[in-house]
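The structure under discussion appears below in the form of structure tokens.
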Amino acid sequence: MKTTVLTALLLATNLLPAIAISPEIVNPPQSHRLADADINNSSLTPQQIRTQSTKITVRISSENNGGSGVLIGKKVTKNASGAMTYLVLTNRHVTGNGTKFQIKTADGKQHTAQLTPNTQISPKYDVALLQFTSTQKYQLADLEYDTGSAMNANRKIYSAGFPFDSAQLRFTSGAVSQLSDVPLEDGTQIGYVTDKGATNIRQGMSGGPVLAISGDKAVVIGINTIGAAPLIPSYTYFDGSKPTAKKAAEYTKSNWGVPIYNVLSQLNPDILYQYDNLPKVQRKVAPTGYMAQLNRQTRQQTVRIEANGGNGSGVIVAKQGSTYYVLTAKHVVFDIQETKQLFANVKTITHDQESYTIQPTDITLAEGLDLAIVKFTSNANYPIASLGTYSPRKDATVFAAGFPARERIDSPLWQWQLNPGKNIANQEFSKFQTQDKFSFESDGYDLIYSSISYGGMSGGPVFDTEGRVVGIHGKVEGDGGSKQQGWNEDLSFGNSLGISIRSFIGLATKLKVSSQLLKTSKNIARDLNAGELATVVAVRDSISQPPADGDAKQWLQYGNQLHRIGKYAEAVKAFDIAISKGGASTWAGYYGKARAFGSDKKYSQAVASISTAISTIPAQSRRLHYYMWQRQSGYYLELRKYNEAIKAIDTAIGLEPTDTLLFSAKARIFNNAGKYQQANAIYDKLIKDRPENYLFISRGYNKLEAGDKAAALLDFNKAISLDPNSARGYISRGILNYRAGNSNSKTILDIDKAISLDDRSEVAYFLRANSKLQLGDNKGALLDAETGISLEPKSHLGYIARGNAKSQLGDRQGALLDFDKAIAVEPNQTYPFTNRGSFRAKLGDQQGSLSDFDRAASINPNESAIYSSRGAIKLNFGDKK
């Protein structure tokens with residue numbers, strides 16, 4: 001197969017991509033999962049719970065304040081006394097500005113305490129940690145950090161503490177009355193009322209435990225922080241927004257506490273691992289700067305949708321009078337799988353925690369797409385989301401938002417989420433890719449992005465960097481994917497899938513939303529500056545390393561997280577540790593290593609790891625893991641080992657012949673191997689079943705490589721007719737004109753159109769630069785090449801185009817530096833070497849020129865153009881033999 005500008009551009013477009021490397025869906029660490037029987041049918045009596053609370057609750061005093069606290073952890077000191085350092089959880093307003101603290105334990109002993117250093121708890125949170133040393137053995141609280149299923153409203157709770165006006169521990173019972181989707185700015189999130197006839201928590205009880213029943217023991221779910229009916233009521237959410245006056249009045253009727261999770265997720269990981277008894281919870285970084293501003297803006301536009309079928313999310317897209325229109329996923333409000341009917345008891349919960357009941361007549365379902373509109377009426381003033389109607393470019397930063405389901409996961413991750421990620425691929429490819437075996441035939445899914453998403457975020461918005469909605473989150477695409485296929489959800493590597501706003505705009509009228517009510521913009525989102533990006537990365541990369549003695553599952557999850565954020569070498573190390581732990585998931589460790597190596601373009605190591613993973617799979621489970629051979633074929637393809645690639649993909653097809661993406665992958669291998677007839681036969685069959693834009697572009701490239709330019713043009717024209725907004729369609733036709741030697745001005749017209757549709761496509765700029773060079777517009781070529789490089793600094797095509805422009809402008813030294821850079825960023829392609837070799841020949845550097853062509857021949861010894869060019873150079877230098 002010839003290496004030409006066309007071939008290089010084709011590879012760069014990723015129209016026929018290698019096996020995509022997908023991020024994992026992070027699963028939270030396990031905590032107590034409570035069944036109704038655990039909550040309602042416990043054998044514990046209130047007196048037994050009181051006895052337990054007496055042992056774990058301490059009185060705290062300082063030179064200017066005081067209150068209560070809870071014994072939550074301990075560690076053995078390094079001296080020989082056998083003393084232990086105890087960790088006491090309390091409120092920041094209890095410790096105040098104090099410097100000298102006394103702690104009185106249940107045995108009546110007084111202990112001198114100090115503030116625990118370097119906790120890293122946000123100063124906004126009303127939480128503090130004290131520590132003291134003693135040789136006495138004290139009971140520690142059992143901590144429950146599951147505020148999902150465990151924190152259902154009306155759950156029975158108890159609270160304890162030492163009021164200022166009493167020497168005795170006060171113990172009271174009640175129930176959960178409020179549960180905010182987001183914490184208040186002081187970290188409080190649990191509202192609770194006391195039983196009839198009892199009084200609320202009193203001054204001095206701050207920092208004392210809030211307990212609930214879990215099986216046969218009392219567990220601490222939080223600490224007392226604010227009493228009911230405060231003298232100066234002030235309720236503000238973490239992002240600075242406030243509840244409505246009506247909701248704030250409800251809040252004043254409850255006592256409020258900080259959940260244990262809001263403490264643990266703020267702690268320095270070193271403290272979590274130094275002290276016994278502390279659950280290992282991933283640190284949650286509070287957003288700052290740009291990320292904090294985006295959080296506030298997007299949360300106020302997003303709603304939780306609850307129904308008998310569970311919960312989902314949605315985004316407010318329009319308002320008419322006092323009627324609001326919420327866009328969500330159809331399966332959030334409609335039982336697609338079983339009853340084919342609307343779920344009952346649908347309601348929306350807005351950012352201020354107000355709840356609105358939805359009638360069936362207020363729901364409109366889309367046909368053929370997983371979208372729906374839900375209406376509610378309110379006199380409150382809720383912000384309307386702006387909609388981005390463009391096609392997000394590959395690698396653009398996006399944010400998946402929503403509210404994970406309370407009842408489905410064991411952690412407080414049901415709280416509001418705004419998770420950054422990358423748009424995986426162009427929209428044409430995404431639409432095709434989302435229809436594989438583990439995806440959702442039709443339903444309109446045409447976005448693939450790496451943002452972490454959870455059950456319950458379905459229907460939530462996908463935002464761009466300017467806070468505009470570019471898609472609606474739908475589901476997660478499994479990589480071997482479903483539980484029915486035997487996949488361990490803790491090891492899932494799936495991408496998130498969504499439906500573009502462009503699809504919604506076309507159906508708005510049918511969904512009974514006037515287009516005049518929508519706030520839309522076609523402008524492509526800007527890139528973030530370095531400071532803004534740093535605030536995003538801080539949230540994205542806030543992952544904690546497991547302890548050395550952590551189990552294989554923990555290290556696999558950690559490796560998956562590292563892989564997702566692009567730390568491939570560190571991911572390999574984590575997977576190696578997981579493998580060293582042994583067990584049934586050893587194959588997953590090697591599989592993870594293969595993916596990390598593949599993402600890092602270390603394809604030989606990727607092949608070795610995926611082959612080891614395959615060898616560990618029992619024969620009876622091979623069909624469940626057919627995707628491993630699919631990945632193996634992709635790595636072989638990158639190494640140009642076409643026979644091995646075909647053998648691997650045929651194995652995958654034999655195991656799972658219903659996955660049409662496997663056939664598309666096989667066609668790509670044939671195309672790269674120069675077996676165009678075989679590739680074309682596959683494309684013909686795929687197009688017969690699915691006549692889609694992406695497939696016509698793929699077949700068009702195959703025909704162009706085979707030399708059938710007329711047939712290729714027909715395919716590219718068909719692709720454009722199917723989607724006139726397809727930038728890739730115009731780029732493809734532009735490449736054809738460039739390759740066919742047609743007027744380069746004709747090529748430029750197509751590329752101008754492509755750039756008008758997607759001004760972030762580096763490939764378009766590179767192609768236009770080459771066309772301008774042919775027309776003698778060297779300065780214009782230089783400008784286009786530099787624009788393309790600014791968009792993608794890791795593409796060799798840009799440096800080659802810029803080098804050629806500099807050469808034409810007389811800057812030979814600058815040109816040579818660019819050609820060197822092209823080889824540095826892509827040392828495994830022939831084109832950078834043949835291009836530099838030709839340039840060196842023009843400079844009279846025979847040895848350097850031939851060295852470059854020798855290197856190109858070693859990379860691909862079957863490329864005939866290399867030998868003919870090298871022969872011509874030898875002839876020019878007088879070496880006729």
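Labels for the structure tokens follow display order: chains A, B, ..., residues from 1 in each chain, ligands from 1.
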
Inset, instruction - Name all residues at most 6 Å from Phe162 in chain A (count only C-alpha atoms; drop same-chain ones fewer than 2 positions away) and give them as number ranges by chain. - result: A: 68, 169-170, 204-205

Please dump the current selection as a CSV table (one decimal), in the first residue's frame; keep N, CA, C and O atoms.
```
chain,number,residue,atom,x,y,z
A,68,SER,N,-19.3,18.4,71.5
A,68,SER,CA,-19.2,16.9,71.6
A,68,SER,C,-18.3,16.4,70.4
A,68,SER,O,-18.0,17.2,69.5
A,169,LEU,N,-24.8,12.7,79.2
A,169,LEU,CA,-25.1,12.5,77.7
A,169,LEU,C,-26.5,12.6,77.4
A,169,LEU,O,-27.4,12.0,78.1
A,170,ARG,N,-26.9,13.4,76.4
A,170,ARG,CA,-28.3,13.5,76.0
A,170,ARG,C,-28.5,12.6,74.8
A,170,ARG,O,-27.7,12.6,73.8
A,204,GLY,N,-24.2,22.4,72.5
A,204,GLY,CA,-23.2,21.5,73.2
A,204,GLY,C,-23.3,20.1,72.6
A,204,GLY,O,-22.3,19.3,72.7
A,205,MET,N,-24.4,19.8,71.9
A,205,MET,CA,-24.4,18.5,71.2
A,205,MET,C,-23.8,18.5,69.8
A,205,MET,O,-23.7,17.4,69.2
```

Legend entry - Contact residues around Ser159 in chain A with only C-alpha atoms at 7 Å, ignoring same-chain residues under 6 positions, as a PyMOL selection string: chain A and resi 171-173+209-211

Inset, instruction - Just list the residues in range 805-871 of chain A DSSP gives alpha helix (DSSP H) on the backbone, as a ChimeraX atom specification. - result: /A:805-808,812-825,830-842,846-859,864-871

File dump, residues just selected, C-alpha atoms, as a compact mmCIF listing (two decimals), in the first residue's frame:
```txt
# COMPACT_ATOMS: atom_id res chain seq x y z
CA ALA A 805 5.81 25.68 3.08
CA LYS A 806 8.98 26.92 4.76
CA SER A 807 11.05 25.19 2.09
CA GLN A 808 9.15 27.03 -0.65
CA ARG A 812 15.55 25.48 4.57
CA GLN A 813 16.79 25.21 8.15
CA GLY A 814 13.29 25.77 9.51
CA ALA A 815 11.92 23.19 7.08
CA LEU A 816 14.43 20.58 8.19
CA LEU A 817 13.57 21.20 11.85
CA ASP A 818 9.88 20.63 11.04
CA PHE A 819 10.65 17.40 9.18
CA ASP A 820 12.67 16.24 12.20
CA LYS A 821 9.71 17.07 14.42
CA ALA A 822 7.36 15.07 12.18
CA ILE A 823 9.55 12.00 12.68
CA ALA A 824 9.77 12.62 16.44
CA VAL A 825 5.97 12.58 16.84
CA THR A 830 7.03 5.76 6.33
CA TYR A 831 5.79 9.11 5.03
CA PRO A 832 7.77 11.33 7.46
CA PHE A 833 11.00 9.53 6.46
CA THR A 834 10.37 9.56 2.70
CA ASN A 835 9.43 13.25 2.88
CA ARG A 836 12.60 14.19 4.75
CA GLY A 837 14.64 11.89 2.53
CA SER A 838 13.43 13.71 -0.57
CA PHE A 839 14.18 17.07 1.01
CA ARG A 840 17.69 15.98 2.00
CA ALA A 841 18.28 14.86 -1.58
CA LYS A 842 17.44 18.37 -2.78
CA GLN A 846 23.07 11.80 -0.26
CA GLN A 847 23.90 9.83 2.87
CA GLY A 848 21.11 11.42 4.93
CA SER A 849 18.61 10.98 2.13
CA LEU A 850 19.36 7.29 1.60
CA SER A 851 19.37 6.70 5.35
CA ASP A 852 15.80 8.03 5.55
CA PHE A 853 14.62 5.82 2.67
CA ASP A 854 16.35 2.81 4.25
CA ARG A 855 14.46 3.53 7.47
CA ALA A 856 11.16 3.82 5.56
CA ALA A 857 11.82 0.47 3.83
CA SER A 858 12.47 -1.18 7.20
CA ILE A 859 9.12 0.09 8.49
CA SER A 864 6.93 -0.14 -3.81
CA ALA A 865 7.09 3.67 -3.95
CA ILE A 866 9.96 3.65 -1.43
CA TYR A 867 12.19 1.58 -3.74
CA SER A 868 11.44 3.56 -6.89
CA SER A 869 12.14 6.85 -5.08
CA ARG A 870 15.31 5.49 -3.52
CA GLY A 871 16.45 4.26 -6.96
```

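If you look at CA of His111 in chain A and CA of Thr51 in chain A, they are 21.7 Å away from each other.
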
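Proximity to Pro793 in chain A was assessed for A:Arg502, A:Val763, A:Asn419, A:Ala167 counting only C-alpha atoms; the smallest distance is recorded for A:Val763.
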
Inset, instruction - Tell me which protein, DNA and RNA residues are within 8 Å of Phe463 in chain A, counting only C-alpha atoms, leaving out same-chain ones fewer than 2 positions away, and put them as a PyMOL selection string. - result: chain A and resi 298+398-401+461+465-471

Those selected residues, please, written with N, CA and C atoms and delivered as a short mmCIF file (atom, residue, chain, number, x, y, z; two decimals), in the first residue's frame.
```cif
data_model
loop_
_atom_site.label_atom_id
_atom_site.label_comp_id
_atom_site.auth_asym_id
_atom_site.auth_seq_id
_atom_site.Cartn_x
_atom_site.Cartn_y
_atom_site.Cartn_z
N THR A 298 -24.44 25.02 35.66
CA THR A 298 -25.07 23.84 35.09
C THR A 298 -26.00 23.15 36.08
N VAL A 398 -15.90 17.77 27.36
CA VAL A 398 -17.33 17.82 27.65
C VAL A 398 -17.53 17.41 29.11
N PHE A 399 -18.75 17.65 29.61
CA PHE A 399 -19.06 17.37 31.01
C PHE A 399 -20.42 16.68 31.09
N ALA A 400 -20.45 15.48 31.64
CA ALA A 400 -21.72 14.78 31.85
C ALA A 400 -22.26 15.15 33.22
N ALA A 401 -23.52 15.54 33.27
CA ALA A 401 -24.12 16.02 34.51
C ALA A 401 -25.36 15.23 34.87
N PRO A 461 -27.86 16.36 31.09
CA PRO A 461 -27.22 17.07 29.98
C PRO A 461 -25.74 16.76 29.86
N THR A 465 -17.64 23.37 27.00
CA THR A 465 -16.81 24.22 27.88
C THR A 465 -17.45 25.56 28.18
N GLU A 466 -18.46 25.94 27.41
CA GLU A 466 -19.13 27.21 27.65
C GLU A 466 -20.47 27.02 28.35
N GLY A 467 -20.70 25.81 28.85
CA GLY A 467 -21.93 25.54 29.60
C GLY A 467 -23.15 25.38 28.74
N ARG A 468 -22.96 25.09 27.45
CA ARG A 468 -24.10 24.82 26.57
C ARG A 468 -24.32 23.32 26.47
N VAL A 469 -25.59 22.92 26.34
CA VAL A 469 -25.93 21.51 26.25
C VAL A 469 -25.70 21.04 24.81
N VAL A 470 -24.82 20.07 24.64
CA VAL A 470 -24.56 19.52 23.30
C VAL A 470 -25.13 18.12 23.15
N GLY A 471 -25.63 17.54 24.25
CA GLY A 471 -26.20 16.20 24.16
C GLY A 471 -26.98 15.85 25.41
#
```

Given only C-alpha atoms, how would the per-residue table for range 492-605 of chain A near range 378-389 of chain A read, listing every residue at most 12 Å away with its closest atom pair and distance in Å to one decimal, sorted by chain and number, as JSON lines?
```
{"residue": "A:Ile499", "atom": "CA", "partner": "A:Thr389", "partner_atom": "CA", "distance": 11.7}
{"residue": "A:Ser500", "atom": "CA", "partner": "A:Thr389", "partner_atom": "CA", "distance": 8.0}
{"residue": "A:Ile501", "atom": "CA", "partner": "A:Thr389", "partner_atom": "CA", "distance": 5.8}
{"residue": "A:Arg502", "atom": "CA", "partner": "A:Thr389", "partner_atom": "CA", "distance": 5.1}
{"residue": "A:Ser503", "atom": "CA", "partner": "A:Thr389", "partner_atom": "CA", "distance": 8.8}
{"residue": "A:Phe504", "atom": "CA", "partner": "A:Thr389", "partner_atom": "CA", "distance": 9.2}
{"residue": "A:Ile505", "atom": "CA", "partner": "A:Thr389", "partner_atom": "CA", "distance": 7.8}
{"residue": "A:Gly506", "atom": "CA", "partner": "A:Thr389", "partner_atom": "CA", "distance": 10.3}
{"residue": "A:Ser515", "atom": "CA", "partner": "A:Leu387", "partner_atom": "CA", "distance": 11.4}
{"residue": "A:Leu517", "atom": "CA", "partner": "A:Ile384", "partner_atom": "CA", "distance": 9.8}
{"residue": "A:Leu518", "atom": "CA", "partner": "A:Leu387", "partner_atom": "CA", "distance": 7.6}
{"residue": "A:Lys519", "atom": "CA", "partner": "A:Ser386", "partner_atom": "CA", "distance": 5.0}
{"residue": "A:Thr520", "atom": "CA", "partner": "A:Leu387", "partner_atom": "CA", "distance": 4.6}
{"residue": "A:Ser521", "atom": "CA", "partner": "A:Gly388", "partner_atom": "CA", "distance": 5.1}
{"residue": "A:Lys522", "atom": "CA", "partner": "A:Thr389", "partner_atom": "CA", "distance": 5.1}
{"residue": "A:Asn523", "atom": "CA", "partner": "A:Gly388", "partner_atom": "CA", "distance": 7.3}
{"residue": "A:Ile524", "atom": "CA", "partner": "A:Gly388", "partner_atom": "CA", "distance": 7.7}
{"residue": "A:Ala525", "atom": "CA", "partner": "A:Gly388", "partner_atom": "CA", "distance": 8.2}
{"residue": "A:Arg526", "atom": "CA", "partner": "A:Gly388", "partner_atom": "CA", "distance": 11.9}
```

Same residues, all heavy atoms, output as a compact mmCIF listing (two decimals), in the first residue's frame:
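Output contents, as saved in out_17.txt:
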```txt
# COMPACT_ATOMS: atom_id res chain seq x y z
N ILE A 499 -27.21 11.37 23.02
CA ILE A 499 -27.90 11.81 21.81
C ILE A 499 -27.63 13.30 21.63
O ILE A 499 -27.82 14.09 22.56
CB ILE A 499 -29.41 11.55 21.90
CG1 ILE A 499 -29.67 10.06 22.10
CG2 ILE A 499 -30.13 12.06 20.66
CD1 ILE A 499 -31.12 9.73 22.36
N SER A 500 -27.19 13.68 20.45
CA SER A 500 -26.81 15.07 20.22
C SER A 500 -28.01 16.00 20.26
O SER A 500 -29.14 15.61 19.93
CB SER A 500 -26.10 15.21 18.87
OG SER A 500 -27.01 14.96 17.81
N ILE A 501 -27.77 17.23 20.67
CA ILE A 501 -28.82 18.25 20.66
C ILE A 501 -29.31 18.50 19.24
O ILE A 501 -30.48 18.83 19.02
CB ILE A 501 -28.30 19.54 21.31
CG1 ILE A 501 -28.29 19.38 22.84
CG2 ILE A 501 -29.15 20.74 20.94
CD1 ILE A 501 -29.67 19.14 23.45
N ARG A 502 -28.44 18.32 18.26
CA ARG A 502 -28.87 18.47 16.87
C ARG A 502 -30.04 17.55 16.57
O ARG A 502 -30.97 17.92 15.84
CB ARG A 502 -27.70 18.17 15.93
CG ARG A 502 -26.64 19.24 15.89
CD ARG A 502 -25.42 18.79 15.11
NE ARG A 502 -25.74 18.38 13.76
CZ ARG A 502 -24.85 17.87 12.91
NH1 ARG A 502 -23.59 17.70 13.30
NH2 ARG A 502 -25.19 17.52 11.69
N SER A 503 -30.02 16.35 17.14
CA SER A 503 -31.13 15.40 16.91
C SER A 503 -32.42 15.91 17.56
O SER A 503 -33.51 15.77 17.00
CB SER A 503 -30.76 14.03 17.46
OG SER A 503 -29.63 13.50 16.80
N PHE A 504 -32.28 16.50 18.74
CA PHE A 504 -33.46 17.04 19.43
C PHE A 504 -34.07 18.20 18.66
O PHE A 504 -35.30 18.31 18.52
CB PHE A 504 -33.10 17.48 20.84
CG PHE A 504 -34.09 18.43 21.45
CD1 PHE A 504 -35.38 18.02 21.75
CD2 PHE A 504 -33.75 19.75 21.71
CE1 PHE A 504 -36.30 18.90 22.30
CE2 PHE A 504 -34.66 20.64 22.25
CZ PHE A 504 -35.94 20.21 22.55
N ILE A 505 -33.22 19.09 18.15
CA ILE A 505 -33.72 20.27 17.45
C ILE A 505 -34.63 19.86 16.29
O ILE A 505 -35.67 20.48 16.04
CB ILE A 505 -32.55 21.12 16.91
CG1 ILE A 505 -31.74 21.70 18.08
CG2 ILE A 505 -33.05 22.24 16.01
CD1 ILE A 505 -32.50 22.65 18.96
N GLY A 506 -34.27 18.80 15.61
CA GLY A 506 -35.09 18.34 14.48
C GLY A 506 -36.44 17.79 14.90
O GLY A 506 -37.35 17.69 14.07
N SER A 515 -39.68 26.00 18.61
CA SER A 515 -38.27 26.31 18.39
C SER A 515 -37.95 27.73 18.81
O SER A 515 -36.79 28.05 19.12
CB SER A 515 -37.90 26.09 16.92
OG SER A 515 -38.70 26.91 16.08
N LEU A 517 -38.75 29.10 21.47
CA LEU A 517 -38.47 29.13 22.90
C LEU A 517 -37.06 28.67 23.24
O LEU A 517 -36.60 28.84 24.37
CB LEU A 517 -39.47 28.25 23.65
CG LEU A 517 -40.95 28.61 23.52
CD1 LEU A 517 -41.81 27.56 24.23
CD2 LEU A 517 -41.23 30.00 24.08
N LEU A 518 -36.38 28.07 22.26
CA LEU A 518 -35.06 27.48 22.51
C LEU A 518 -33.95 28.49 22.33
O LEU A 518 -33.97 29.30 21.40
CB LEU A 518 -34.84 26.29 21.57
CG LEU A 518 -35.89 25.17 21.63
CD1 LEU A 518 -35.60 24.13 20.55
CD2 LEU A 518 -35.91 24.53 23.01
N LYS A 519 -32.96 28.42 23.20
CA LYS A 519 -31.76 29.27 23.10
C LYS A 519 -30.66 28.43 22.46
O LYS A 519 -30.11 27.54 23.10
CB LYS A 519 -31.33 29.74 24.49
CG LYS A 519 -32.36 30.62 25.17
CD LYS A 519 -32.08 30.76 26.67
CE LYS A 519 -30.73 31.36 26.94
NZ LYS A 519 -30.51 31.56 28.40
N THR A 520 -30.37 28.70 21.17
CA THR A 520 -29.44 27.84 20.44
C THR A 520 -28.24 28.64 19.94
O THR A 520 -28.30 29.86 19.78
CB THR A 520 -30.13 27.18 19.24
OG1 THR A 520 -30.57 28.20 18.34
CG2 THR A 520 -31.32 26.35 19.69
N SER A 521 -27.16 27.91 19.68
CA SER A 521 -25.95 28.51 19.13
C SER A 521 -25.22 27.47 18.29
O SER A 521 -25.05 26.33 18.71
CB SER A 521 -25.02 29.00 20.25
OG SER A 521 -23.78 29.44 19.71
N LYS A 522 -24.78 27.88 17.09
CA LYS A 522 -24.03 27.00 16.21
C LYS A 522 -22.52 27.12 16.42
O LYS A 522 -21.74 26.37 15.83
CB LYS A 522 -24.36 27.30 14.75
CG LYS A 522 -25.80 26.99 14.36
CD LYS A 522 -26.04 27.30 12.88
CE LYS A 522 -27.47 26.97 12.47
NZ LYS A 522 -27.70 27.29 11.04
N ASN A 523 -22.12 28.10 17.22
CA ASN A 523 -20.69 28.34 17.41
C ASN A 523 -20.04 27.20 18.19
O ASN A 523 -20.54 26.78 19.24
CB ASN A 523 -20.47 29.66 18.15
CG ASN A 523 -20.95 30.86 17.37
OD1 ASN A 523 -20.91 30.84 16.14
ND2 ASN A 523 -21.43 31.88 18.06
N ILE A 524 -18.92 26.72 17.67
CA ILE A 524 -18.20 25.63 18.33
C ILE A 524 -17.56 26.14 19.62
O ILE A 524 -17.04 27.26 19.67
CB ILE A 524 -17.14 25.05 17.38
CG1 ILE A 524 -17.83 24.44 16.15
CG2 ILE A 524 -16.27 24.02 18.07
CD1 ILE A 524 -16.89 24.00 15.07
N ALA A 525 -17.61 25.34 20.66
CA ALA A 525 -17.10 25.74 21.97
C ALA A 525 -15.60 26.03 21.91
O ALA A 525 -14.86 25.37 21.19
CB ALA A 525 -17.39 24.67 23.01
N ARG A 526 -15.19 27.01 22.67
CA ARG A 526 -13.77 27.37 22.72
C ARG A 526 -12.98 26.36 23.54
O ARG A 526 -13.53 25.60 24.35
CB ARG A 526 -13.62 28.75 23.36
CG ARG A 526 -14.06 28.80 24.84
CD ARG A 526 -13.90 30.19 25.42
NE ARG A 526 -14.33 30.23 26.81
CZ ARG A 526 -13.56 29.91 27.85
NH1 ARG A 526 -12.30 29.52 27.64
NH2 ARG A 526 -14.02 29.97 29.09
```

Using only C-alpha atoms, what does the table of range 760-852 of chain A residues within 12 Å of range 593-610 of chain A look like, with each row giving the shortest atom pair and its distance in Å to one decimal, sorted by chain and ascending number, as a tab-separated table?
```
residue	atom	partner	partner_atom	distance
A:Val825	CA	A:Lys601	CA	11.3
A:Glu826	CA	A:Lys601	CA	10.2
A:Pro827	CA	A:Lys601	CA	11.0
A:Asn828	CA	A:Lys601	CA	9.9
```

Inset, instruction - Do a neighbour search on range 677-683 of chain A at 8 Å with only C-alpha atoms, toss out local chain neighbours closer than 5 positions, and write the hits as a list in words. - result: Phe663, Ser664, Lys666, Ala667, Arg668, Ile669, Phe670, Asn671, Leu695, Ser698, Arg699, Asn702 and Lys703 of chain A

Can you tell me, as a PDB file with N, CA and C atoms, in the first residue's frame, what residues are no more than 9 Å from Tyr701 in chain A when counting only C-alpha atoms, ignoring any on the same chain fewer than 6 positions away?
```pdb
ATOM      1  N   LEU A  10      -5.756  10.034   5.656  1.00  0.00           N
ATOM      2  CA  LEU A  10      -6.781   9.043   5.969  1.00  0.00           C
ATOM      3  C   LEU A  10      -6.568   8.478   7.367  1.00  0.00           C
ATOM      4  N   ASN A 671      -8.276  -3.307   3.801  1.00  0.00           N
ATOM      5  CA  ASN A 671      -7.923  -2.056   3.139  1.00  0.00           C
ATOM      6  C   ASN A 671      -6.460  -1.711   3.364  1.00  0.00           C
ATOM      7  N   ALA A 712     -15.406   6.139  -6.011  1.00  0.00           N
ATOM      8  CA  ALA A 712     -15.159   6.791  -4.721  1.00  0.00           C
ATOM      9  C   ALA A 712     -15.932   8.100  -4.641  1.00  0.00           C
ATOM     10  N   ASP A 715     -19.525   7.573  -3.780  1.00  0.00           N
ATOM     11  CA  ASP A 715     -19.731   7.270  -2.355  1.00  0.00           C
ATOM     12  C   ASP A 715     -19.624   8.530  -1.495  1.00  0.00           C
ATOM     13  N   PHE A 716     -18.645   9.370  -1.776  1.00  0.00           N
ATOM     14  CA  PHE A 716     -18.488  10.593  -0.982  1.00  0.00           C
ATOM     15  C   PHE A 716     -19.679  11.531  -1.200  1.00  0.00           C
ATOM     16  N   SER A 732     -13.401  14.226   2.862  1.00  0.00           N
ATOM     17  CA  SER A 732     -13.167  13.031   2.044  1.00  0.00           C
ATOM     18  C   SER A 732     -13.160  13.383   0.557  1.00  0.00           C
ATOM     19  N   LEU A 736     -10.086  13.288  -2.279  1.00  0.00           N
ATOM     20  CA  LEU A 736     -10.191  12.651  -3.593  1.00  0.00           C
ATOM     21  C   LEU A 736      -9.721  13.611  -4.694  1.00  0.00           C
TER      22      LEU A 736
END
```

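If you look at CA of Ala141 in chain A and CA of Tyr86 in chain A, they are 11.7 Å away from each other.
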
Legend entry - Near-Asn345 in chain A list (8 Å; only C-alpha atoms; drop same-chain fewer than 5 positions) as a PyMOL selection string: chain A and resi 306-308+357-358

Residues from last step as file, C-alpha atoms, as a compact mmCIF listing (two decimals), in the first residue's frame:
```
# COMPACT_ATOMS: atom_id res chain seq x y z
CA GLU A 306 -38.05 10.50 40.09
CA ALA A 307 -40.65 7.86 39.28
CA ASN A 308 -41.69 4.34 40.24
CA THR A 357 -45.61 16.42 40.40
CA ILE A 358 -45.85 15.50 36.71
```

Legend entry - strand (DSSP E or B) positions in range 252-430 of chain A, given as a VMD selection string: chain A and resid 255 to 259 276 302 to 307 310 to 320 323 to 328 334 342 347 to 349 355 to 357 363 to 365 369 372 to 377 386 to 388 397 to 402 417 to 423
